[in-house]
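Step one of this worksheet: look at the structure below.
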Amino acid sequence: MIGGGASLGRSSLWTYCALTLVFLCAPILIVVVVSFNASEFIQFPPRAWSLRWYRNYFSAREWVEPTLLSLRIAFVTMVLSTVLGTAAAIGLTRGRFRGRRMLEFFFVSPMVVPTIVLAIGLYLLFARFKLVGNPLALYLAHTVVAAPLVIVIVSAALKTTDSAIELAARSLGAGYFRAMWYVTLPAILPAVISGAAFAFLVSFDEVVLAIFLGGPTTTTLPKRMWESVRYEIDPTLTAISTLLVIIPIVILGGVEIVRRSFAAVTATVSRPADGTQ
Amino acid sequence: MTFPGAPVRPAPRRYWRTRQGLVLVAPLGFFLAVYLYPLTRLLGWSFFSPGFTLEHYAKLFREPAYLQAFRNTAEISIWVTGLSLVLGYPLAYLMTVVSRRVRTLLIVLVLVPFWTSVLVRTFAWMVILGKRGIINQVLVGWGVIDRPLALIYNMLGVQIGMVHVLLPFMVFPLLSVMARIDTTLVAAARSLGASPRQAFIRIFLPLSLPGVSAGCVLVFLLAVGFYITPALLGGEGQVTFTTLIELVVRDLLDWNFGASLGVFLLTVVGTLFVLFSTLLGLDRLTGDSRA
């Protein structure tokens, strides 16, 4: 409708945006392609193909161990952030008390606090309890940055869910927690799952807190990658990168499919935000 | 919201409220202990050693090298914000004028890089722009240049890497504002004789400005506190505030000074964040950022 007569304007807009999208997507595609390279050095396009860098990754203890550790930390972070974040979201959206806005502000502020500032603050705290290098430090630190995402996602779902259904359950004799568990939670379940998925990924990808709080013993996959990338470009990194590109797509894409089918079933209680996904 | 027949207890609403509050105890306790407390400890470290002193803050302004880091951060952040706007605005605009299917496709093309870890994306740029990277391989191979170009470990590398990471943070706030613009207004302007360009400049553009300011503040805010990309793609001339913090606490082991730098950075970011949320509402920032 806009610029309907200006087809030249429209085509130059398309060209410009296509270039921007190439800028966004090409680096990722290139790394994926390069990861199947057979040569010792990074070549593009590869002259010969192989899976050697994947074999290298899966057979090297120096890579497998950090990966397993990262998975463990991401899992614990996911559980912690989902429980705390969902509780906070329920309290913030259903509660009527003074300072609610301020509290909301406080809970989401870790999303914009520079991670390095949080990292040095937590380092000083954990150093006092001799927790630097202990995975517990990373469970806690990652939850600080992951829980706000859960809060945001679950709050958005709660705002579009009618709280009258909880009151109905309560008036029919359900206790508070019973009403929450059997009525509210099922209605917001897709958002909780989606929040959990994001929390997992945030932790799995997190570098800065891991560098500062991991110490010499607790080396997560991103920390190990960071150390490697600073000195030399090991082609194994391209294989790992490819896996790290695929994992979020699979997890978040899967969650999205679940959410859509859920939304189709219960179209009345759960409504997608505004089509941004 | 009123519910007839509900008041079976003497003060149901109050009862309701206290229980709601209970849910907040655990998350609040957690955030006070593991988030607010460490940040206030940082404040303590920056002002006391062991008596009260402003020495650690004075250091920042006395040493030209430190001031340079401050200037670098400002310069990089302004550039990155500007470039993100120049690239992001047309893209967000395009998303509002195409069909729903195409729009979804375009959003996915922005979301996939957005979901990919920053470390991986920064590494991708090293593979492409590095001394023995793909661009240099091609250019040298074709005989266009004799010696590889320095594309990273300088300002250019930092800018490219950071725009790549932060561009989606510009696109999504812009899109959320643009999608709500009533396009019949533009059609009305057209029917009253405005050219497409006039209708865009005088109707659409002013209505999209809240999105522009939201996106710019958000990108600037994130750019100022950004660490990974400047640390990996920057050279010695691109020491930013965040890489300076790392240097000070890890190499110089000067935690008091590091803490004061952290507090200073936090103050800058905090001010921007407050400005942002009072100016534009918190929902813009949180509602579209990742979900």
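Going through the structure tokens in order, the chains are called A, B, and so on, while each chain numbers its residues from 1 and the ligands are numbered from 1 in the order shown.
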Val224 (chain B) environment, 9 Å, only C-alpha atoms, sequence neighbours closer than 2 positions dropped, as a list in words: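 Here the qualifying residues turn out to be Pro114 of chain A; Thr73, Ala74, Ile76, Ser77, Val219, Phe220, Leu221, Leu222, Phe226, Tyr227, Thr240, Phe241, Thr242, Leu265, Val268 and Val269 of chain B.
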Neighbours of chain B in chain A at 6 Å, counting only C-alpha atoms, as JSON, numbers by chain: {"A": [3, 17, 27, 31, 84, 87, 88, 91, 95, 114, 117, 121, 122, 125, 171, 205, 241, 245]}
Which residue of B:Tyr153, B:Pro64, B:Phe257, B:Pro173 approaches Ser49 (chain B) most closely, using only C-alpha atoms: B:Phe257
Nearest residue to Asn256 (chain B) from the set A:Thr236, A:Ile120, A:Tyr231, A:Ile211 (distances using only C-alpha atoms):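 Of A:Thr236, A:Ile120, A:Tyr231, A:Ile211, the one nearest Asn256 (chain B) is A:Ile120, counting only C-alpha atoms.
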Filtered DSSP result for region 204-268 of chain B, state helix (DSSP H, G or I), as a ChimeraX atom specification: /B:204-224,228-233,236-238,241-251,255-268
Selected residue, from B:Leu275, B:Leu192, B:Ile152, B:Leu166, that lies nearest to Thr81 (chain B) when counting only C-alpha atoms: B:Leu166
Neighbour list for Leu213 (chain A) as a PyMOL selection string, cut-off 9 Å, only C-alpha atoms, skip fewer than 5 positions in-chain: chain A and resi 119-120+122-123+126-127+131-135+137-138+141+208+218
Generate a file of the selected residues that holds N, CA and C atoms, formatted as a PDB file, in the first residue's frame.
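Result file follows (part31.pdb):
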```pdb
ATOM      1  N   ALA A 119      29.895  -9.855  36.982  1.00  0.00           N
ATOM      2  CA  ALA A 119      30.924 -10.882  37.167  1.00  0.00           C
ATOM      3  C   ALA A 119      31.925 -10.489  38.250  1.00  0.00           C
ATOM      4  N   ILE A 120      32.393  -9.250  38.230  1.00  0.00           N
ATOM      5  CA  ILE A 120      33.389  -8.890  39.252  1.00  0.00           C
ATOM      6  C   ILE A 120      32.730  -8.765  40.630  1.00  0.00           C
ATOM      7  N   LEU A 122      30.171 -10.578  41.674  1.00  0.00           N
ATOM      8  CA  LEU A 122      29.978 -11.948  42.151  1.00  0.00           C
ATOM      9  C   LEU A 122      31.307 -12.603  42.507  1.00  0.00           C
ATOM     10  N   TYR A 123      32.352 -12.231  41.788  1.00  0.00           N
ATOM     11  CA  TYR A 123      33.664 -12.799  42.107  1.00  0.00           C
ATOM     12  C   TYR A 123      34.050 -12.437  43.538  1.00  0.00           C
ATOM     13  N   PHE A 126      31.785 -14.483  45.895  1.00  0.00           N
ATOM     14  CA  PHE A 126      32.074 -15.915  45.942  1.00  0.00           C
ATOM     15  C   PHE A 126      33.478 -16.197  46.469  1.00  0.00           C
ATOM     16  N   ALA A 127      34.405 -15.286  46.222  1.00  0.00           N
ATOM     17  CA  ALA A 127      35.763 -15.486  46.717  1.00  0.00           C
ATOM     18  C   ALA A 127      35.745 -15.588  48.235  1.00  0.00           C
ATOM     19  N   LEU A 131      33.998 -20.036  46.760  1.00  0.00           N
ATOM     20  CA  LEU A 131      33.149 -20.704  45.769  1.00  0.00           C
ATOM     21  C   LEU A 131      33.631 -20.495  44.334  1.00  0.00           C
ATOM     22  N   VAL A 132      34.651 -19.666  44.145  1.00  0.00           N
ATOM     23  CA  VAL A 132      35.155 -19.466  42.789  1.00  0.00           C
ATOM     24  C   VAL A 132      35.754 -20.775  42.297  1.00  0.00           C
ATOM     25  N   GLY A 133      35.302 -21.214  41.127  1.00  0.00           N
ATOM     26  CA  GLY A 133      35.773 -22.500  40.621  1.00  0.00           C
ATOM     27  C   GLY A 133      34.849 -23.643  40.997  1.00  0.00           C
ATOM     28  N   ASN A 134      33.848 -23.337  41.805  1.00  0.00           N
ATOM     29  CA  ASN A 134      32.855 -24.344  42.168  1.00  0.00           C
ATOM     30  C   ASN A 134      31.658 -24.196  41.221  1.00  0.00           C
ATOM     31  N   PRO A 135      31.143 -25.292  40.680  1.00  0.00           N
ATOM     32  CA  PRO A 135      29.991 -25.155  39.768  1.00  0.00           C
ATOM     33  C   PRO A 135      28.812 -24.417  40.404  1.00  0.00           C
ATOM     34  N   ALA A 137      28.808 -21.736  41.984  1.00  0.00           N
ATOM     35  CA  ALA A 137      28.922 -20.313  41.660  1.00  0.00           C
ATOM     36  C   ALA A 137      28.246 -20.029  40.320  1.00  0.00           C
ATOM     37  N   LEU A 138      28.426 -20.943  39.369  1.00  0.00           N
ATOM     38  CA  LEU A 138      27.836 -20.722  38.046  1.00  0.00           C
ATOM     39  C   LEU A 138      26.339 -21.028  38.030  1.00  0.00           C
ATOM     40  N   ALA A 141      25.071 -17.713  39.477  1.00  0.00           N
ATOM     41  CA  ALA A 141      25.325 -16.562  38.606  1.00  0.00           C
ATOM     42  C   ALA A 141      24.480 -16.639  37.334  1.00  0.00           C
ATOM     43  N   VAL A 208      31.043 -14.707  29.892  1.00  0.00           N
ATOM     44  CA  VAL A 208      31.746 -13.772  30.782  1.00  0.00           C
ATOM     45  C   VAL A 208      31.740 -14.253  32.235  1.00  0.00           C
ATOM     46  N   THR A 218      36.707 -25.182  36.856  1.00  0.00           N
ATOM     47  CA  THR A 218      35.389 -25.304  36.243  1.00  0.00           C
ATOM     48  C   THR A 218      35.396 -24.655  34.873  1.00  0.00           C
TER      49      THR A 218
END
```
Counting only C-alpha atoms, the residue of A:Ala147, A:Leu221, A:Leu189, A:Val229 that sits nearest Ser70 (chain A):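 That would be A:Leu221, the residue with the smallest distance to Ser70 (chain A).
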Length of the CA of Ser12 (chain A) to CA of Val102 (chain B) vector [Å]: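 Interatomic distance here is 17.0 Å.
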d(CA of Leu201 (chain A), CA of Ile151 (chain A)) in Å: 15.4 Å
Nearby residues (only C-alpha atoms) at most 10 Å from Leu156 (chain B), same-chain spacing under 5 positions excluded, as a list in words: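 Listing them by chain and then by number gives Ile76, Ala150, Leu151, Gly161, Met162, Leu233 and Gly234 of chain B.
Going from CA of Asn56 (chain A) over to CA of Ala239 (chain A), you cover 8.9 Å.
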